[in-house]
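Engineer: Following this line is data07.cif, made up of mmCIF, C-alpha atoms:
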data_entry
loop_
_atom_site.label_atom_id
_atom_site.label_comp_id
_atom_site.auth_asym_id
_atom_site.auth_seq_id
_atom_site.Cartn_x
_atom_site.Cartn_y
_atom_site.Cartn_z
CA MET A 1 -6.37 -6.65 -1.56
CA LEU A 2 -9.62 -4.91 -2.45
CA GLY A 3 -10.37 -4.49 1.25
CA ALA A 4 -6.88 -3.13 2.00
CA ASN A 5 -6.97 -0.59 -0.81
CA THR A 6 -10.48 0.45 0.21
CA CYS A 7 -9.15 1.25 3.69
CA TRP A 8 -6.26 3.22 2.16
CA GLY A 9 -8.57 5.02 -0.24
CA LEU A 10 -10.84 6.08 2.63
CA MET A 11 -7.80 7.16 4.61
CA ALA A 12 -6.87 9.88 2.10
CA PRO A 13 -9.83 12.21 2.83
CA VAL A 14 -9.71 11.34 6.56
CA ALA A 15 -6.00 12.23 6.78
CA LYS A 16 -6.65 15.53 5.00
CA LEU A 17 -9.38 16.28 7.52
CA VAL A 18 -7.04 15.56 10.44
CA MET A 19 -4.18 17.68 9.07
CA ALA A 20 -6.47 20.54 8.02
CA GLY A 21 -6.49 21.81 11.61
CA ALA A 22 -2.71 22.37 11.42
CA VAL A 23 -2.25 20.69 14.81
CA ILE A 24 -0.90 17.36 13.55
CA SER A 25 1.85 17.54 10.95
CA PRO A 26 2.35 14.93 8.22
CA LEU A 27 5.39 13.59 10.09
CA MET A 28 3.38 13.26 13.30
CA LEU A 29 0.53 11.47 11.54
CA THR A 30 3.01 9.05 9.98
CA ASP A 31 4.54 8.49 13.42
CA CYS A 32 1.08 7.76 14.87
CA ARG A 33 0.42 5.23 12.11
CA ILE A 34 3.65 3.30 12.55
CA VAL A 35 3.95 3.39 16.35
CA GLY A 36 0.22 2.81 16.89
CA ALA A 37 0.14 -0.16 14.54
CA ALA A 38 3.28 -1.62 16.16
CA LEU A 39 1.58 -1.52 19.58
CA LEU A 40 -1.61 -3.10 18.21
CA PHE A 41 0.31 -5.94 16.54
CA TRP A 42 2.24 -6.60 19.77
CA VAL A 43 -1.04 -6.82 21.69
CA MET A 44 -2.41 -9.15 19.02
CA SER A 45 0.71 -11.33 19.29
CA PHE A 46 -0.05 -12.05 22.96
CA PHE A 47 -3.16 -13.94 21.82
CA SER A 48 -1.44 -15.75 18.96
CA ARG A 49 0.93 -18.66 18.67
CA ARG A 50 4.48 -17.58 19.41
CA GLU A 51 7.11 -18.16 16.71
CA HIS A 52 10.86 -18.12 17.17
CA VAL A 53 12.54 -15.77 14.71
CA PRO A 54 16.34 -16.21 14.39
CA ALA A 55 18.67 -13.21 14.12
CA ARG A 56 19.10 -13.60 10.35
CA ASP A 57 15.35 -13.46 9.74
CA LEU A 58 15.01 -10.51 12.11
CA ALA A 59 17.51 -8.66 9.93
CA LEU A 60 15.41 -9.52 6.87
CA LEU A 61 12.27 -8.29 8.65
CA ALA A 62 14.08 -5.06 9.50
CA GLY A 63 14.75 -4.58 5.79
CA ALA A 64 11.11 -5.35 5.00
CA GLY A 65 10.02 -2.76 7.57
CA MET A 66 12.26 -0.14 5.98
CA LEU A 67 11.13 -0.83 2.40
CA GLY A 68 7.45 -1.67 2.93
CA ILE A 69 6.63 0.76 5.74
CA LEU A 70 9.18 3.47 6.63
CA PHE A 71 10.54 4.47 3.21
CA ASN A 72 7.19 3.97 1.52
CA GLN A 73 5.20 6.10 3.97
CA GLY A 74 7.96 8.55 4.92
CA CYS A 75 9.08 9.41 1.38
CA TYR A 76 5.47 9.82 0.29
CA ILE A 77 4.52 12.18 3.14
CA PHE A 78 7.59 14.37 2.69
CA GLY A 79 7.24 14.24 -1.10
CA VAL A 80 3.67 15.56 -0.96
CA GLY A 81 5.00 18.45 1.13
CA PHE A 82 7.34 19.50 -1.69
CA THR A 83 5.09 18.90 -4.71
CA SER A 84 1.41 19.23 -5.57
CA PRO A 85 -1.13 16.60 -4.41
CA GLY A 86 -2.22 16.03 -8.01
CA GLU A 87 1.29 15.20 -9.20
CA ALA A 88 1.88 12.95 -6.19
CA SER A 89 -1.35 11.03 -6.86
CA ILE A 90 -0.42 10.49 -10.49
CA ILE A 91 3.08 9.25 -9.60
CA THR A 92 1.58 6.65 -7.26
CA THR A 93 0.09 4.93 -10.32
CA THR A 94 3.62 3.85 -11.35
CA MET A 95 3.86 1.30 -8.52
CA PRO A 96 2.26 -1.64 -10.39
CA MET A 97 4.58 -0.95 -13.34
CA TRP A 98 7.62 -1.07 -11.03
CA VAL A 99 6.35 -4.38 -9.62
CA MET A 100 6.04 -5.85 -13.11
CA VAL A 101 9.57 -4.73 -14.11
CA LEU A 102 11.20 -5.86 -10.85
CA SER A 103 9.38 -9.21 -10.93
CA ARG A 104 10.72 -9.79 -14.44
CA VAL A 105 14.31 -8.75 -13.57
CA LEU A 106 14.62 -10.30 -10.09
CA LEU A 107 12.23 -13.26 -10.21
CA GLY A 108 12.08 -14.04 -13.92
CA THR A 109 8.29 -13.70 -13.93
CA PRO A 110 6.96 -13.72 -17.51
CA VAL A 111 5.57 -10.41 -18.72
CA THR A 112 2.64 -11.14 -21.00
CA GLY A 113 0.86 -8.77 -23.34
CA ARG A 114 -2.29 -9.22 -21.24
CA LYS A 115 -0.48 -7.98 -18.10
CA ILE A 116 1.02 -5.00 -19.91
CA ALA A 117 -2.36 -4.09 -21.40
CA GLY A 118 -4.07 -4.41 -18.02
CA ILE A 119 -1.53 -2.24 -16.19
CA LEU A 120 -1.56 0.45 -18.88
CA LEU A 121 -5.35 0.41 -18.97
CA GLY A 122 -5.55 0.70 -15.20
CA ALA A 123 -2.95 3.49 -15.14
CA THR A 124 -4.87 5.40 -17.82
CA GLY A 125 -8.06 5.13 -15.80
CA ALA A 126 -6.36 6.16 -12.54
CA VAL A 127 -4.62 9.20 -14.07
CA THR A 128 -7.86 10.23 -15.81
CA LEU A 129 -9.82 9.91 -12.58
CA ILE A 130 -7.24 11.91 -10.61
CA TYR A 131 -7.09 14.68 -13.21
CA SER A 132 -10.87 14.94 -13.40
CA SER A 133 -11.14 15.18 -9.60
CA VAL A 134 -8.50 17.88 -9.07
CA LYS A 135 -10.14 21.30 -9.07
CA VAL A 136 -7.35 23.39 -7.58
CA THR A 137 -3.68 22.73 -8.11
CA VAL A 138 -1.51 23.46 -5.08
CA SER A 139 2.12 23.53 -6.12
CA GLY A 140 4.99 22.88 -3.72
CA ASN A 141 8.20 24.82 -3.25
CA ASN A 142 10.36 22.07 -4.80
CA PRO A 143 8.28 19.97 -7.22
CA VAL A 144 11.27 18.07 -8.67
CA LEU A 145 12.45 16.88 -5.24
CA GLY A 146 8.87 16.11 -4.22
CA ASP A 147 8.18 14.07 -7.33
CA LEU A 148 11.43 12.12 -6.85
CA LEU A 149 10.53 11.36 -3.23
CA VAL A 150 7.05 10.13 -4.17
CA LEU A 151 8.59 8.03 -6.95
CA THR A 152 11.07 6.60 -4.42
CA ALA A 153 8.15 5.65 -2.18
CA GLN A 154 6.50 3.68 -4.99
CA PHE A 155 9.77 2.00 -6.01
CA SER A 156 10.47 1.07 -2.37
CA TYR A 157 7.10 -0.61 -1.95
CA ALA A 158 7.41 -2.41 -5.29
CA LEU A 159 10.87 -3.67 -4.26
CA TYR A 160 9.42 -4.91 -0.98
CA LEU A 161 6.61 -6.80 -2.75
CA THR A 162 9.11 -8.41 -5.10
CA LEU A 163 12.02 -9.27 -2.78
CA TYR A 164 9.90 -10.62 0.08
CA LYS A 165 7.38 -12.56 -2.00
CA ASP A 166 8.49 -16.00 -0.77
CA PHE A 167 9.91 -15.01 2.63
CA LEU A 168 6.53 -13.73 3.83
CA ARG A 169 5.14 -17.28 3.69
CA LYS A 170 7.68 -18.44 6.30
CA TYR A 171 5.95 -16.84 9.31
CA SER A 172 2.46 -15.93 10.39
CA MET A 173 0.98 -12.55 9.58
CA VAL A 174 1.13 -11.43 13.23
CA THR A 175 4.84 -12.24 13.57
CA LEU A 176 5.70 -10.49 10.33
CA MET A 177 3.72 -7.33 11.04
CA LYS A 178 4.84 -7.14 14.68
CA TRP A 179 8.51 -7.07 13.80
CA MET A 180 8.22 -5.00 10.62
CA PHE A 181 6.32 -2.21 12.39
CA THR A 182 8.62 -2.43 15.42
CA PHE A 183 11.72 -1.84 13.31
CA ALA A 184 9.98 0.95 11.38
CA ALA A 185 8.90 2.60 14.65
CA ALA A 186 12.41 2.37 16.09
CA ALA A 187 13.74 4.12 12.99
CA ILE A 188 11.20 6.98 12.89
CA ILE A 189 10.88 7.84 16.59
CA PRO A 190 14.28 9.63 16.87
CA PHE A 191 13.23 11.98 14.03
CA SER A 192 9.74 12.70 15.39
CA ILE A 193 10.12 12.78 19.18
CA GLN A 194 10.63 16.56 19.23
CA THR A 195 7.57 17.11 17.05
CA ALA A 196 5.53 14.84 19.32
CA ALA A 197 6.59 16.86 22.38
CA THR A 198 5.56 20.20 20.82
CA THR A 199 2.23 19.01 19.34
CA ALA A 200 -0.81 20.54 21.06
CA TRP A 201 -2.63 17.25 21.60
CA ALA A 202 -5.16 18.81 23.99
CA SER A 203 -6.46 21.14 21.26
CA LEU A 204 -7.56 18.28 19.00
CA SER A 205 -11.31 18.05 18.52
CA ALA A 206 -13.32 14.83 18.90
CA THR A 207 -13.60 14.62 15.10
CA GLU A 208 -9.83 14.92 14.68
CA TRP A 209 -9.21 12.26 17.34
CA ALA A 210 -11.66 9.99 15.48
CA GLY A 211 -9.75 10.65 12.28
CA VAL A 212 -6.43 9.73 13.93
CA ALA A 213 -8.04 6.56 15.29
CA TYR A 214 -9.25 5.61 11.80
CA VAL A 215 -5.81 6.22 10.28
CA VAL A 216 -4.12 4.04 12.92
CA VAL A 217 -6.69 1.23 13.28
CA MET A 218 -8.37 0.90 9.88
CA GLY A 219 -5.95 2.68 7.56
CA THR A 220 -2.91 0.89 8.98
CA PHE A 221 -3.60 -2.03 11.35
CA VAL A 222 -6.57 -3.60 9.54
CA ALA A 223 -5.36 -2.59 6.07
CA TYR A 224 -1.98 -4.29 6.58
CA ILE A 225 -3.66 -7.44 7.88
CA LEU A 226 -5.76 -7.61 4.70
CA MET A 227 -2.78 -6.68 2.53
CA MET A 228 -0.61 -9.40 4.05
CA ALA A 229 -3.31 -12.02 3.48
CA GLY A 230 -3.62 -10.94 -0.14
CA GLN A 231 0.14 -10.73 -0.61
CA LYS A 232 0.61 -14.31 0.56
CA ALA A 233 -2.03 -15.61 -1.87
CA LEU A 234 -1.36 -13.54 -4.99
CA PRO A 235 1.60 -12.80 -7.29
CA PRO A 236 3.32 -9.39 -6.83
CA THR A 237 1.95 -8.03 -10.13
CA VAL A 238 -1.63 -8.80 -9.10
CA VAL A 239 -1.05 -7.25 -5.67
CA GLY A 240 0.29 -4.08 -7.29
CA ILE A 241 -2.60 -3.64 -9.73
CA TYR A 242 -5.09 -3.24 -6.86
CA ASN A 243 -3.35 0.06 -6.07
CA TYR A 244 -5.52 1.59 -8.80
CA PHE A 245 -8.63 1.12 -6.65
CA GLN A 246 -7.53 3.84 -4.22
CA PRO A 247 -8.51 6.83 -6.40
CA VAL A 248 -11.81 5.07 -7.16
CA VAL A 249 -12.60 4.81 -3.45
CA ALA A 250 -11.48 8.39 -2.79
CA THR A 251 -13.73 9.64 -5.61
CA CYS A 252 -16.72 7.64 -4.35
CA VAL A 253 -16.26 9.13 -0.87
CA GLY A 254 -16.10 12.61 -2.39
CA LEU A 255 -19.34 11.95 -4.26
CA TRP A 256 -21.04 10.67 -1.10
CA LEU A 257 -19.94 13.71 0.91
CA GLY A 258 -21.05 16.08 -1.84
CA LEU A 259 -17.49 17.25 -2.47
CA ASP A 260 -17.45 15.95 -6.03
CA VAL A 261 -19.84 15.32 -8.91
CA MET A 262 -20.19 12.27 -11.12
CA THR A 263 -19.50 12.74 -14.83
CA PRO A 264 -19.40 10.32 -17.80
CA PHE A 265 -15.64 11.02 -17.94
CA LYS A 266 -15.19 9.66 -14.40
CA GLY A 267 -17.43 6.68 -15.12
CA LEU A 268 -15.25 5.80 -18.12
CA ALA A 269 -12.10 6.16 -16.00
CA MET A 270 -13.49 3.73 -13.40
CA LEU A 271 -14.38 1.28 -16.17
CA PHE A 272 -10.76 1.44 -17.39
CA ILE A 273 -9.51 0.65 -13.87
CA PHE A 274 -11.85 -2.31 -13.34
CA SER A 275 -10.98 -3.66 -16.81
CA GLY A 276 -7.25 -3.31 -16.12
CA VAL A 277 -7.53 -5.19 -12.83
CA PHE A 278 -9.55 -7.93 -14.53
CA LEU A 279 -6.93 -8.37 -17.27
CA VAL A 280 -4.01 -8.65 -14.83
CA THR A 281 -5.75 -10.92 -12.33
CA THR A 282 -6.84 -13.33 -15.07
CA ALA A 283 -3.60 -13.16 -17.07
CA GLY A 284 -2.43 -16.65 -16.02
CA ALA A 285 -5.83 -18.31 -15.69
CA PRO A 286 -5.86 -20.26 -19.00
CA ARG A 287 -2.40 -21.68 -18.40
CA ARG A 288 -3.21 -22.73 -14.82
CA GLN A 289 -6.40 -24.43 -15.98
CA GLN A 290 -4.45 -26.24 -18.69
CA VAL A 291 -1.83 -27.51 -16.22
CA THR A 292 -4.55 -28.65 -13.80
CA ALA A 293 -6.33 -30.52 -16.58
CA LEU A 294 -3.11 -32.26 -17.69
CA SER A 295 -2.31 -33.25 -14.10
CA PHE A 296 -5.78 -34.73 -13.64
CA LYS A 297 -5.48 -36.64 -16.91
CA ALA A 298 -2.14 -38.08 -15.85
CA LYS A 299 -3.61 -39.29 -12.56
CA VAL A 300 -6.60 -41.08 -14.11
CA THR A 301 -4.70 -42.60 -17.06
CA PRO A 302 -3.87 -46.32 -16.38
#
Before anything else, please render the file you have as structure tokens.

Structural biologist:
Amino acid sequence: MLGANTCWGLMAPVAKLVMAGAVISPLMLTDCRIVGAALLFWVMSFFSRREHVPARDLALLAGAGMLGILFNQGCYIFGVGFTSPGEASIITTTMPMWVMVLSRVLLGTPVTGRKIAGILLGATGAVTLIYSSVKVTVSGNNPVLGDLLVLTAQFSYALYLTLYKDFLRKYSMVTLMKWMFTFAAAAIIPFSIQTAATTAWASLSATEWAGVAYVVVMGTFVAYILMMAGQKALPPTVVGIYNYFQPVVATCVGLWLGLDVMTPFKGLAMLFIFSGVFLVTTAGAPRRQQVTALSFKAKVTP
């Protein structure tokens, strides 16, 4: 999950670089991500063990593709277009909270004080880091609609993490990603085909093509492979808390490129994020160790 969110954190400045030339629109970049990743996962499936997926499970994978890919990415891109980047970044910090609430309501997962403290601590650090990094506020023409769309994107992804927690263990990562991205691509192509036809692809520079390649390969294909591996091994709440690493990565890239400066305020914000992740990921550790110890004792007792 750390690797996946690092890829996504690096993708933020790369995507801004690609769209700064005004050749590729946000919709077109989203289309490149989804369609490009779908093609890569199909190629990967040719070298993997084939799995039969019945019609009922294909319908479930279509729903997963809508929630985890199309609605999440589409609502976010369009939401940023209506609101300011700063507000959109802050709203993204609500995703782990949605995961915690939905896990409690739909799965009956216990909500401990340690988890609540970790999520709030991480959210505080993320919001602080975002606020301290924003130098110029660019407002959109419909901030309320934009904020609601970004919030919908976070709720959609949290719902996907919660509803498909057990189903994702049924098939291999390649099978899951192949079909999820295929259904998402089939849904977005009708809305973006006209934009694709009018995009001046020949005017893209080598740097912009490299940026598109990073967004498709690392920011989507590799990131979703890492995310799926983490999602199969970790509870939804733990998966969600790693979302707070994205602003940390984006800030570190800004510092490396000389676009930002390090301050004690930012250092404290990063400490909050790391502490929040530690609290959530270790929330169930004592109980698990206790159960393991009792099981071992039962086995060795005559």

Engineer: Suppose you want the space between atom CA of Val248 of chain A and atom CA of Gly79 of chain A; what is it in Å?

Structural biologist: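 Taking atom CA of Val248 of chain A and atom CA of Gly79 of chain A, their separation equals 22.0 Å.
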
Engineer: Calculated over all atoms listed in the file, which of the candidates A:Ala202, A:Cys32, A:Leu2, A:Asp57 has the smallest distance to Lys170 of chain A?

Structural biologist: A:Asp57

Engineer: Determine the nearest neighbour of Lys266 of chain A from the options A:Ile225, A:Ala213, A:Thr124, A:Phe191, counting all atoms listed in the file.

Structural biologist: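 Answer, going by the shortest atom-to-atom distance: A:Thr124.
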
Engineer: When you count all atoms listed in the file, which of these residues is closest to Phe41 of chain A: A:Gly276, A:Ala4, A:Val217, A:Phe78?

Structural biologist: A:Val217

Engineer: For this file, the PyMOL selection byres ((chain A and resi 175) around 12) selects which residues, as an NGL selection string?

Structural biologist: :A and (38 or 41-53 or 57-58 or 61 or 168-174 or 176-182 or 225 or 228)
